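One file, input-v4.cif, is given below (mmCIF, C-alpha atoms and all ligand atoms).
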data_final
#
loop_
_atom_site.label_atom_id
_atom_site.label_comp_id
_atom_site.auth_asym_id
_atom_site.auth_seq_id
_atom_site.Cartn_x
_atom_site.Cartn_y
_atom_site.Cartn_z
CA MET A 69 153.07 104.23 141.81
CA SER A 70 156.79 104.22 141.18
CA ALA A 71 157.10 108.00 140.61
CA THR A 72 158.43 109.24 143.94
CA ASN A 73 159.47 112.89 143.66
CA LEU A 74 160.30 115.89 141.58
CA LYS A 75 163.99 116.67 141.34
CA CYS A 76 165.85 119.76 140.10
CA ARG A 77 167.86 118.95 136.97
CA GLU A 78 170.49 121.50 137.99
CA CYS A 79 171.08 121.23 141.75
CA GLY A 80 169.28 117.96 142.58
CA SER A 81 166.92 119.43 145.22
CA GLN A 82 163.91 117.16 145.77
CA TYR A 83 160.26 118.17 145.94
CA GLU A 84 156.88 116.51 146.44
CA LEU A 85 154.88 115.55 143.33
CA ASP A 86 153.03 118.90 143.18
CA PRO A 87 151.96 121.17 140.29
CA ILE A 88 155.29 123.04 140.36
CA TYR A 89 158.01 123.33 137.72
CA VAL A 90 160.97 125.42 138.90
CA CYS A 91 163.46 124.85 141.70
CA GLU A 92 163.08 127.29 144.60
CA THR A 93 166.82 127.27 145.20
CA CYS A 94 168.32 127.68 141.72
CA PHE A 95 165.36 128.18 139.33
CA GLY A 96 166.36 125.01 137.44
CA PRO A 97 163.65 122.89 135.78
CA LEU A 98 162.10 120.02 137.76
CA GLU A 99 161.88 116.45 136.53
CA VAL A 100 159.96 113.40 137.81
CA VAL A 101 162.07 110.67 139.45
CA TYR A 102 161.02 107.05 139.90
CA ASP A 103 161.97 104.07 141.96
CA ASN A 104 161.65 101.13 139.57
CA ARG A 105 164.11 98.81 141.35
CA ALA A 106 161.34 96.36 142.27
CA LEU A 107 160.30 96.07 138.59
CA ALA A 108 163.86 95.25 137.49
CA ALA A 109 163.83 92.02 139.48
CA ASP A 110 162.00 90.06 136.78
CA ILE A 111 162.50 91.54 133.31
CA PRO A 112 160.69 88.79 131.32
CA ALA A 113 157.64 89.25 133.56
CA LEU A 114 157.83 93.02 133.12
CA ARG A 115 157.96 92.65 129.32
CA ARG A 116 154.94 90.34 129.40
CA ARG A 117 153.06 92.81 131.56
CA ILE A 118 153.74 95.65 129.16
CA GLN A 119 152.76 93.51 126.16
CA GLY A 120 149.52 92.56 127.91
CA GLY A 121 148.66 96.20 128.61
CA PRO A 122 146.28 98.47 126.70
CA GLN A 123 147.02 99.31 123.04
CA ASN A 124 147.97 102.90 123.90
CA LEU A 125 150.56 104.72 125.99
CA TRP A 126 148.97 103.60 129.26
CA ARG A 127 150.74 100.27 128.74
CA TYR A 128 153.77 102.20 130.09
CA SER A 129 151.98 103.45 133.23
CA ASP A 130 154.72 102.07 135.46
CA PHE A 131 157.01 104.67 133.92
CA LEU A 132 154.57 107.57 133.97
CA PRO A 133 153.82 109.92 136.88
CA LEU A 134 150.29 108.73 137.67
CA PRO A 135 149.30 108.07 141.23
CA ASP A 136 147.21 104.93 140.82
CA GLY A 137 149.09 102.99 138.17
CA PRO A 138 147.36 101.84 134.98
CA PRO A 139 143.80 103.04 134.31
CA GLY A 140 142.37 99.52 134.31
CA PRO A 141 143.45 96.43 132.37
CA SER A 142 141.46 97.25 129.24
CA GLY A 143 142.60 100.85 129.17
CA ARG A 144 138.99 101.84 128.61
CA ASN A 145 138.66 104.03 131.66
CA SER A 146 138.26 107.00 129.38
CA SER A 147 136.60 109.23 131.96
CA ARG A 148 139.98 109.33 133.65
CA VAL A 149 142.42 109.22 130.75
CA GLY A 150 140.63 110.85 127.83
CA LEU A 151 141.90 110.17 124.32
CA ALA A 152 144.05 107.10 123.82
CA ALA A 153 147.39 108.29 122.45
CA GLY A 154 150.36 106.19 121.40
CA CYS A 155 150.94 102.79 119.77
CA THR A 156 151.58 104.51 116.46
CA PRO A 157 153.12 102.62 113.51
CA LEU A 158 156.87 102.08 113.12
CA ILE A 159 157.25 101.69 109.36
CA ARG A 160 160.22 100.15 107.59
CA ALA A 161 161.10 102.72 104.90
CA ASP A 162 163.20 100.78 102.36
CA ARG A 163 162.55 103.01 99.34
CA LEU A 164 163.49 106.14 101.28
CA ALA A 165 166.56 104.33 102.63
CA GLU A 166 167.59 103.43 99.10
CA ARG A 167 167.19 107.03 97.92
CA LEU A 168 169.43 108.19 100.76
CA GLY A 169 171.91 105.32 100.59
CA LEU A 170 171.02 103.98 104.03
CA ALA A 171 170.71 100.39 105.26
CA GLU A 172 167.94 100.12 107.86
CA LEU A 173 165.56 103.07 108.06
CA TRP A 174 162.33 103.31 110.05
CA VAL A 175 159.70 106.02 110.17
CA LYS A 176 157.88 106.42 113.48
CA ASN A 177 154.59 107.89 112.35
CA ASP A 178 153.28 109.90 115.28
CA ALA A 179 150.88 111.72 113.00
CA ALA A 180 148.71 108.65 113.70
CA ASN A 181 147.70 109.96 117.13
CA PRO A 182 144.11 111.10 117.96
CA THR A 183 144.74 114.77 117.06
CA HIS A 184 147.45 113.89 114.52
CA SER A 185 150.62 114.88 116.35
CA PHE A 186 152.90 113.54 119.07
CA LYS A 187 151.50 116.21 121.43
CA ASP A 188 148.71 113.78 122.39
CA ARG A 189 151.34 111.84 124.36
CA VAL A 190 152.37 114.77 126.53
CA VAL A 191 148.85 116.12 126.92
CA SER A 192 147.46 112.69 127.93
CA VAL A 193 149.89 112.49 130.80
CA ALA A 194 149.53 116.15 131.87
CA ALA A 195 145.73 115.98 131.67
CA ALA A 196 145.50 112.74 133.68
CA ARG A 197 147.77 114.25 136.30
CA ALA A 198 145.79 117.54 136.29
CA ARG A 199 142.64 115.54 137.06
CA GLU A 200 144.42 113.91 140.01
CA PHE A 201 145.44 117.34 141.32
CA GLY A 202 141.79 118.42 141.08
CA PHE A 203 142.22 121.11 138.40
CA GLU A 204 139.05 121.93 136.48
CA VAL A 205 140.61 123.97 133.69
CA LEU A 206 143.23 122.80 131.21
CA ALA A 207 145.34 125.44 129.44
CA CYS A 208 148.42 125.83 127.26
CA ALA A 209 150.70 128.11 125.30
CA SER A 210 150.90 126.51 121.87
CA THR A 211 152.68 126.64 118.51
CA GLY A 212 149.66 124.79 117.05
CA ASN A 213 149.63 121.07 117.70
CA LEU A 214 149.43 121.47 121.45
CA ALA A 215 146.36 123.66 120.92
CA ASN A 216 144.63 120.84 118.98
CA SER A 217 145.49 118.31 121.63
CA VAL A 218 144.61 120.32 124.74
CA ALA A 219 141.25 121.35 123.26
CA ALA A 220 140.44 117.75 122.27
CA ASN A 221 141.62 116.13 125.49
CA ALA A 222 139.72 118.69 127.57
CA ALA A 223 136.60 117.85 125.55
CA ALA A 224 137.19 114.12 126.09
CA LEU A 225 137.57 114.62 129.83
CA GLY A 226 134.73 117.15 130.19
CA LEU A 227 137.07 119.88 131.37
CA GLU A 228 137.00 123.55 130.48
CA SER A 229 140.03 124.78 128.50
CA TYR A 230 141.90 127.92 127.49
CA VAL A 231 144.23 127.71 124.52
CA PHE A 232 146.68 130.52 123.74
CA ILE A 233 148.24 130.67 120.25
CA PRO A 234 150.16 133.17 118.12
CA ALA A 235 147.56 134.97 115.98
CA ASP A 236 149.37 134.14 112.70
CA LEU A 237 149.08 130.34 113.05
CA GLU A 238 148.12 128.10 110.09
CA GLU A 239 144.36 128.21 109.48
CA GLN A 240 144.11 124.40 109.56
CA LYS A 241 145.47 124.35 113.12
CA ILE A 242 143.14 127.11 114.28
CA LEU A 243 140.10 125.31 112.84
CA ALA A 244 141.18 121.96 114.28
CA THR A 245 141.33 123.58 117.73
CA GLY A 246 138.23 125.77 117.84
CA VAL A 247 136.02 122.88 116.74
CA TYR A 248 136.38 121.25 120.19
CA GLY A 249 134.67 124.17 121.93
CA THR A 250 137.67 125.60 123.75
CA ASN A 251 138.27 129.22 124.77
CA LEU A 252 140.64 130.04 121.92
CA VAL A 253 142.82 133.11 122.46
CA LYS A 254 144.83 134.45 119.50
CA VAL A 255 147.69 136.56 120.84
CA ARG A 256 149.24 139.24 118.62
CA GLY A 257 152.83 138.19 119.07
CA SER A 258 155.29 135.32 118.73
CA TYR A 259 155.12 132.02 120.61
CA ASP A 260 157.60 133.42 123.09
CA ASP A 261 155.19 136.30 123.82
CA VAL A 262 152.35 133.79 124.23
CA ASN A 263 154.45 131.74 126.61
CA ARG A 264 155.39 134.76 128.71
CA LEU A 265 151.69 135.65 129.07
CA CYS A 266 150.87 132.07 130.12
CA VAL A 267 153.64 131.98 132.72
CA GLU A 268 152.13 135.16 134.20
CA LEU A 269 148.58 133.77 134.03
CA SER A 270 149.61 130.49 135.67
CA GLY A 271 150.56 132.47 138.76
CA GLU A 272 147.18 134.22 138.82
CA ARG A 273 144.72 131.45 137.86
CA ASN A 274 144.23 128.05 139.36
CA TRP A 275 144.54 126.33 135.96
CA ALA A 276 146.59 123.41 134.75
CA PHE A 277 148.82 124.92 132.08
CA VAL A 278 150.08 121.65 130.63
CA ASN A 279 153.42 123.09 129.48
CA VAL A 280 153.94 125.58 132.33
CA ASN A 281 153.01 124.49 135.87
CA LEU A 282 152.40 120.86 134.75
CA ARG A 283 155.52 120.77 132.57
CA PRO A 284 157.42 118.10 134.56
CA TYR A 285 154.49 115.67 134.06
CA TYR A 286 153.79 116.78 130.47
CA ALA A 287 157.42 116.16 129.48
CA GLU A 288 157.28 112.55 130.73
CA GLY A 289 154.77 111.70 127.99
CA SER A 290 157.49 111.96 125.32
CA LYS A 291 159.43 109.07 126.88
CA THR A 292 156.71 106.75 125.58
CA LEU A 293 158.02 107.38 122.05
CA ALA A 294 161.30 105.74 123.05
CA PHE A 295 159.50 102.90 124.87
CA GLU A 296 157.37 102.17 121.82
CA ILE A 297 160.27 102.26 119.37
CA GLY A 298 162.23 99.89 121.64
CA GLU A 299 159.30 97.51 122.00
CA GLN A 300 158.47 97.63 118.26
CA LEU A 301 162.09 96.83 117.34
CA GLY A 302 161.92 93.71 119.53
CA TRP A 303 163.26 95.15 122.81
CA ARG A 304 166.34 96.79 121.35
CA THR A 305 167.47 100.35 120.70
CA PRO A 306 168.08 101.71 117.20
CA ASP A 307 171.56 103.10 116.45
CA ARG A 308 170.30 106.58 115.66
CA ILE A 309 167.30 108.86 116.20
CA VAL A 310 166.53 111.93 114.11
CA ALA A 311 163.83 114.13 115.69
CA PRO A 312 162.73 117.76 115.57
CA VAL A 313 163.56 120.32 118.25
CA ALA A 314 161.31 123.19 119.35
CA SER A 315 161.64 123.68 123.13
CA GLY A 316 163.89 120.60 123.13
CA SER A 317 161.68 118.59 125.48
CA LEU A 318 160.78 115.87 122.96
CA LEU A 319 164.35 115.00 121.93
CA THR A 320 165.68 115.07 125.50
CA LYS A 321 162.88 112.84 126.74
CA ILE A 322 163.29 110.32 123.93
CA GLY A 323 166.90 110.07 125.10
CA LYS A 324 165.75 109.72 128.72
CA GLY A 325 163.25 107.00 127.83
CA PHE A 326 165.95 104.90 126.15
CA ALA A 327 168.42 105.55 128.99
CA ASP A 328 165.88 104.50 131.65
CA TRP A 329 164.95 101.27 129.88
CA LEU A 330 168.58 100.40 129.10
CA GLU A 331 169.46 100.90 132.75
CA LEU A 332 166.57 98.69 133.85
CA GLY A 333 167.65 96.00 131.40
CA LEU A 334 164.41 96.12 129.40
CA LEU A 335 166.23 96.96 126.15
CA ASP A 336 169.35 95.56 124.49
CA GLY A 337 171.83 97.87 122.81
CA ASP A 338 173.30 101.28 123.51
CA LEU A 339 171.93 104.78 123.82
CA PRO A 340 171.22 105.86 120.21
CA THR A 341 173.11 108.69 118.55
CA MET A 342 170.73 111.64 118.83
CA ASN A 343 170.37 114.12 115.95
CA GLY A 344 168.20 117.18 116.57
CA ALA A 345 166.51 118.92 113.63
CA GLN A 346 165.57 122.61 113.41
CA ALA A 347 164.38 125.02 110.72
CA ALA A 348 167.04 127.56 109.72
CA GLY A 349 164.43 130.27 110.28
CA CYS A 350 164.30 129.36 113.98
CA ALA A 351 167.49 127.54 114.93
CA PRO A 352 168.76 128.76 118.30
CA VAL A 353 169.91 125.24 119.27
CA ALA A 354 171.50 124.35 115.91
CA THR A 355 173.31 127.70 115.91
CA ALA A 356 174.68 127.11 119.41
CA TRP A 357 175.79 123.64 118.28
CA ALA A 358 177.52 125.02 115.15
CA GLU A 359 179.30 127.64 117.24
CA GLY A 360 180.31 125.16 119.93
CA ARG A 361 178.36 126.93 122.69
CA ASP A 362 176.54 125.16 125.56
CA PHE A 363 173.78 127.78 125.80
CA CYS A 364 171.26 129.18 123.31
CA GLN A 365 170.76 132.78 122.25
CA PRO A 366 167.08 133.66 121.67
CA VAL A 367 166.02 134.34 118.07
CA LYS A 368 162.96 135.82 116.30
CA PRO A 369 161.39 132.94 114.32
CA ASN A 370 160.72 133.23 110.60
CA THR A 371 159.99 129.82 109.06
CA ILE A 372 157.19 127.74 107.56
CA ALA A 373 157.82 125.19 110.37
CA LYS A 374 155.60 127.09 112.80
CA SER A 375 155.17 124.12 115.14
CA LEU A 376 158.92 124.38 115.84
CA ALA A 377 159.01 128.18 116.08
CA ILE A 378 160.23 128.61 119.64
CA GLY A 379 162.87 131.33 119.71
CA ASN A 380 163.88 130.76 123.34
CA PRO A 381 163.97 126.97 123.91
CA ALA A 382 163.73 125.96 127.57
CA ASP A 383 165.49 122.62 127.08
CA GLY A 384 168.03 123.82 124.51
CA PRO A 385 171.09 123.24 126.76
CA TYR A 386 169.96 119.65 127.49
CA VAL A 387 169.61 118.97 123.75
CA LEU A 388 173.18 120.25 123.22
CA ASP A 389 174.43 117.97 126.05
CA LEU A 390 172.62 114.93 124.69
CA ALA A 391 173.77 115.48 121.08
CA LYS A 392 177.34 115.80 122.34
CA SER A 393 177.33 112.80 124.68
CA THR A 394 175.80 110.47 122.06
CA GLY A 395 178.00 111.57 119.13
CA GLY A 396 175.06 113.26 117.41
CA SER A 397 174.43 116.84 116.30
CA VAL A 398 171.80 119.55 115.91
CA GLU A 399 171.19 120.63 112.31
CA ALA A 400 169.29 123.43 110.57
CA VAL A 401 167.53 123.16 107.20
CA SER A 402 166.00 125.84 104.94
CA ASP A 403 162.30 126.23 104.15
CA ASP A 404 162.92 124.89 100.62
CA GLU A 405 164.68 121.84 102.06
CA ILE A 406 161.67 121.36 104.39
CA ARG A 407 159.27 121.39 101.43
CA ALA A 408 161.48 118.91 99.58
CA GLY A 409 161.64 116.72 102.70
CA ILE A 410 157.84 116.57 102.89
CA ARG A 411 157.64 115.52 99.22
CA LEU A 412 160.45 112.97 99.54
CA LEU A 413 158.80 111.25 102.52
CA ALA A 414 155.37 111.28 100.88
CA GLU A 415 156.63 109.87 97.57
CA THR A 416 158.75 107.10 99.08
CA THR A 417 156.63 105.97 102.06
CA GLY A 418 153.05 107.19 101.61
CA VAL A 419 153.34 109.22 104.81
CA PHE A 420 152.30 112.88 104.50
CA THR A 421 153.85 114.96 107.23
CA GLU A 422 153.56 118.56 108.33
CA THR A 423 156.49 120.97 108.12
CA ALA A 424 158.14 119.63 111.31
CA GLY A 425 158.43 116.21 109.63
CA GLY A 426 159.91 117.94 106.59
CA VAL A 427 162.57 119.32 108.94
CA THR A 428 163.30 115.79 110.19
CA ILE A 429 163.57 114.25 106.70
CA ALA A 430 165.64 117.14 105.33
CA THR A 431 168.02 116.72 108.27
CA LEU A 432 168.19 112.96 107.72
CA ALA A 433 169.00 113.59 104.03
CA LYS A 434 171.70 116.08 104.99
CA LEU A 435 173.35 113.63 107.42
CA ALA A 436 173.19 110.85 104.85
CA GLU A 437 174.70 113.08 102.16
CA ARG A 438 177.56 114.07 104.44
CA GLY A 439 178.28 110.38 104.97
CA GLU A 440 177.71 110.63 108.73
CA ILE A 441 175.42 107.62 108.91
CA GLY A 442 177.20 104.26 108.93
CA HIS A 443 176.22 101.58 106.39
CA ASP A 444 175.20 99.10 109.09
CA GLU A 445 173.18 101.56 111.17
CA SER A 446 169.51 101.28 112.08
CA VAL A 447 167.97 104.75 111.97
CA VAL A 448 164.58 105.97 113.19
CA ALA A 449 163.16 109.24 111.83
CA VAL A 450 160.48 110.61 114.14
CA ILE A 451 157.53 112.09 112.24
CA THR A 452 155.66 114.24 114.74
CA GLY A 453 152.68 115.68 112.88
CA ASP A 454 150.26 115.36 109.94
CA GLY A 455 150.61 117.07 106.55
CA LEU A 456 146.92 118.01 106.45
CA LYS A 457 147.71 120.59 109.14
CA THR A 458 150.14 122.60 106.99
CA LEU A 459 148.74 122.32 103.46
CA ASP A 460 150.29 125.59 102.29
CA ALA A 461 153.72 123.96 102.46
CA VAL A 462 152.94 121.75 99.44
CA ARG A 463 150.66 124.11 97.52
CA GLY A 464 152.06 124.60 94.01
CA SER A 465 154.63 121.80 94.38
CA PHE A 466 152.97 119.61 91.71
CA GLU A 467 150.61 119.90 88.76
CA ALA A 468 147.37 118.10 87.99
CA PHE A 469 145.79 117.46 84.57
CA GLU A 470 142.39 118.96 83.91
CA ILE A 471 140.47 117.58 80.93
CA GLU A 472 137.04 117.20 79.36
CA PRO A 473 135.50 113.75 80.03
CA THR A 474 136.56 112.20 76.68
CA PHE A 475 139.01 109.47 75.65
CA GLU A 476 140.52 111.87 73.12
CA GLU A 477 141.29 114.50 75.77
CA PHE A 478 142.91 111.87 78.00
CA THR A 479 145.18 110.50 75.28
CA THR A 480 146.26 113.91 73.99
CA LYS A 481 146.34 116.08 77.10
CA VAL A 482 147.49 113.50 79.63
CA GLU A 483 149.33 110.65 77.89
CA GLY A 484 150.45 112.94 75.06
CA THR A 485 152.12 115.34 77.47
CA LEU A 486 153.71 112.54 79.45
CA VAL A 487 155.23 110.96 76.34
CA GLY A 488 156.36 114.38 75.15
CA ALA A 489 158.03 115.03 78.49
CA ARG A 490 160.15 111.89 78.23
C1 LIG B 1 155.81 120.49 119.65
C2 LIG B 1 156.32 119.81 118.45
C3 LIG B 1 157.65 119.33 118.34
C4 LIG B 1 158.77 119.52 119.34
O1 LIG B 1 158.45 119.82 120.59
P1 LIG B 1 159.46 120.19 121.78
O2 LIG B 1 159.01 121.55 122.24
O3 LIG B 1 160.87 120.22 121.27
O4 LIG B 1 159.21 119.15 122.79
C5 LIG B 1 157.97 118.61 117.21
N1 LIG B 1 157.09 118.40 116.21
C6 LIG B 1 155.84 118.85 116.28
C7 LIG B 1 154.94 118.58 115.11
C8 LIG B 1 155.40 119.56 117.39
O5 LIG B 1 154.14 120.00 117.42
ZN ZN B 2 167.81 123.58 141.75
#
Before we go any further, please render this structure as structure tokens.
Amino acid sequence: MSATNLKCRECGSQYELDPIYVCETCFGPLEVVYDNRALAADIPALRRRIQGGPQNLWRYSDFLPLPDGPPGPSGRNSSRVGLAAGCTPLIRADRLAERLGLAELWVKNDAANPTHSFKDRVVSVAAARAREFGFEVLACASTGNLANSVAANAAALGLESYVFIPADLEEQKILATGVYGTNLVKVRGSYDDVNRLCVELSGERNWAFVNVNLRPYYAEGSKTLAFEIGEQLGWRTPDRIVAPVASGSLLTKIGKGFADWLELGLLDGDLPTMNGAQAAGCAPVATAWAEGRDFCQPVKPNTIAKSLAIGNPADGPYVLDLAKSTGGSVEAVSDDEIRAGIRLLAETTGVFTETAGGVTIATLAKLAERGEIGHDESVVAVITGDGLKTLDAVRGSFEAFEIEPTFEEFTTKVEGTLVGAR
């Protein structure tokens, strides 16, 4: 294993690789550190090894905090690793690029994961690590997608699970969680209330809360999005990434993944410009960015992008740092812009995303409109979840024809109306 320690992101204090997440000295968040110097000695061999690995995120085991390296050459050791996340499509989106006046646009479709969101990446890593620590119960505080993924991964691994969600979550996400046989707890409150309860519970129960006491390991899973994009582009970085921000972990770790691989020499290029995307109804990071602050003020969420509705984002300050140091930004878009973003992506690429993806596409459109994206840039928009999970967002956004089963009805009521409309 090349993961060596946990390290405080604020004061640099080092810790053993234990199920802990805050620094005892300064209460800063802990992060996994690696020693990959040996791997850097032969980059062509390292690339071959990755390419020969399993067709899922375990091909990047050298860069993940697992004690025993890869789970077997075929990646089929499912009793240890559960669902196989990752290796999702990177789609060239020329028609969307044309609509927005962009040159080279890619859509990273992470809705194509086992439970249809990028959360399978973080849960895979946290769950594998939880097994190594000997935990028998998996748990989480969720805005929806994490609930799906924890319940499913626990089922795949034969672990018990407790999933805590805000009671007003989308019905699709509640159904797609309960079906796995988890202990589903609907909390009357916001995500931030749910999270506070889980922080308290994690001190009282010997459970692996994937995004509380296992958070340093969980967060590492998001780096695999950067690794995959780099590998899929032919071992180079794109010029720009547009990705949604809830707690801020995803965007920061995509940046970290690129930085780590650039430093090792695995990728050509520079660190991409990082643009964070938030819903105006829950935009503590975008607001701090607009006001030039380096800290976030908590807000009460009110948006259709419930998967991003974290009013008090733990990694907000790191998102602000990263946006600044890469020449990017953090933007906010309205619920109507989110709905339009979902439709625009669907109509130009055939990819149907949930509200979080609408936030990403609306932000991309806004940046393009402002002329902030250069004409020679390669841009990757990160689509993090599936549209079937938030169907209400598109309800009423189009009309269908309803006719009797006759030729006459078709020509008058369908073709007739279409001609008339022209
Ligand atoms: C959780 C989530 C995010 C962002 O997560 P972070 O808390 O910022 O890491 C983005 N999109 C979707 C669909 C999510 O479920
Ligand atoms: Zn510290």
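When only C-alpha atoms are used to compute distances to Ala165 in chain A, the closest of the residues A:Ile429, A:Cys79, A:Ile118, A:Ala358 turns out to be A:Ile429.
Selection of all polymer residues within 7 Å of ligand LIG 1 (chain B) on the basis of all atoms listed in the file gives Ser185, Phe186, Lys187, Thr211, Gly212, Asn213, Leu214, Pro312, Val313, Ala314, Ser315, Gly316, Ser317, Leu318, Leu319, Ser375, Leu376, Glu422, Ala424, Gly425, Thr452 and Gly453 of chain A.
If you measure from each of A:Ala276, A:Ala215, A:Val90, A:Ile297 to ligand ZN 2 (chain B) using only C-alpha atoms and all ligand atoms, the closest one turns out to be A:Val90.
CA of Gly349 in chain A sits 19.2 Å away from CA of Asn263 in chain A.
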task: Counting all atoms listed in the file, note down every residue that has an atom within 9 Å of the point (140.1, 125.2, 132.3) (file coordinates), as a PyMOL selection string.
output: chain A and resi 203-207+222+227-230+250-251+274-277
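Taking CA of Thr431 in chain A and CA of Val419 in chain A as the two end points, the separation is 16.8 Å.
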task: Could you please give me, as a PyMOL selection string, the residues of protein, DNA or RNA lying at most 8 Å from (142.0, 111.2, 84.6) in the coordinate frame of the file, considering only C-alpha atoms?
output: chain A and resi 469-471+478+482
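Counting all atoms listed in the file, range 441-449 of chain A has the following residues at most 7 Å away, ignoring those fewer than 3 positions along the same chain: A:Leu170, A:Ala171, A:Glu172, A:Leu173, A:Trp174, A:Val175, A:Lys176, A:Pro306, A:Asp307, A:Arg308, A:Ile309, A:Val310, A:Ala311, A:Thr428, A:Leu435, A:Ala436.
Taking only C-alpha atoms and all ligand atoms into account, the protein and nucleic acid residues that come at most 7 Å from ligand ZN 2 (chain B) are Cys76, Arg77, Glu78, Cys79, Gly80, Ser81, Cys91, Glu92, Thr93, Cys94, Phe95 and Gly96 of chain A.
With distances taken over all atoms listed in the file, A:Tyr89 is the one residue among A:Trp357, A:Tyr83, A:Tyr248, A:Tyr89 lying closest to Tyr286 in chain A.
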message: Which residues are close to Ala153 in chain A, i.e. within 8 Å by only C-alpha atoms, leaving aside same-chain residues fewer than 3 positions away? Reply as number ranges by chain.
response: A: 124-125, 181-182, 188-189, 192
- prompt: Which neighbours of Lys291 in chain A fall inside 6 Å, counting all atoms listed in the file, when residues of the same chain fewer than 6 positions from it are skipped, and could you give them as a ChimeraX atom specification?
  reply: /A:321-322,325
Exercise: Glu288 in chain A partners within 12 Å, all atoms listed in the file, chain neighbours under 5 positions left out, as a VMD selection string: chain A and resid 71 74 98 to 102 125 128 to 134 187 189 to 194 197 278 to 279 282 to 283 293 to 295 317 to 325 328
message: For a test of reading the model, state the distance in Å between CA of Glu296 in chain A and CA of Arg160 in chain A, rounded to one decimal.
response: 14.7 Å
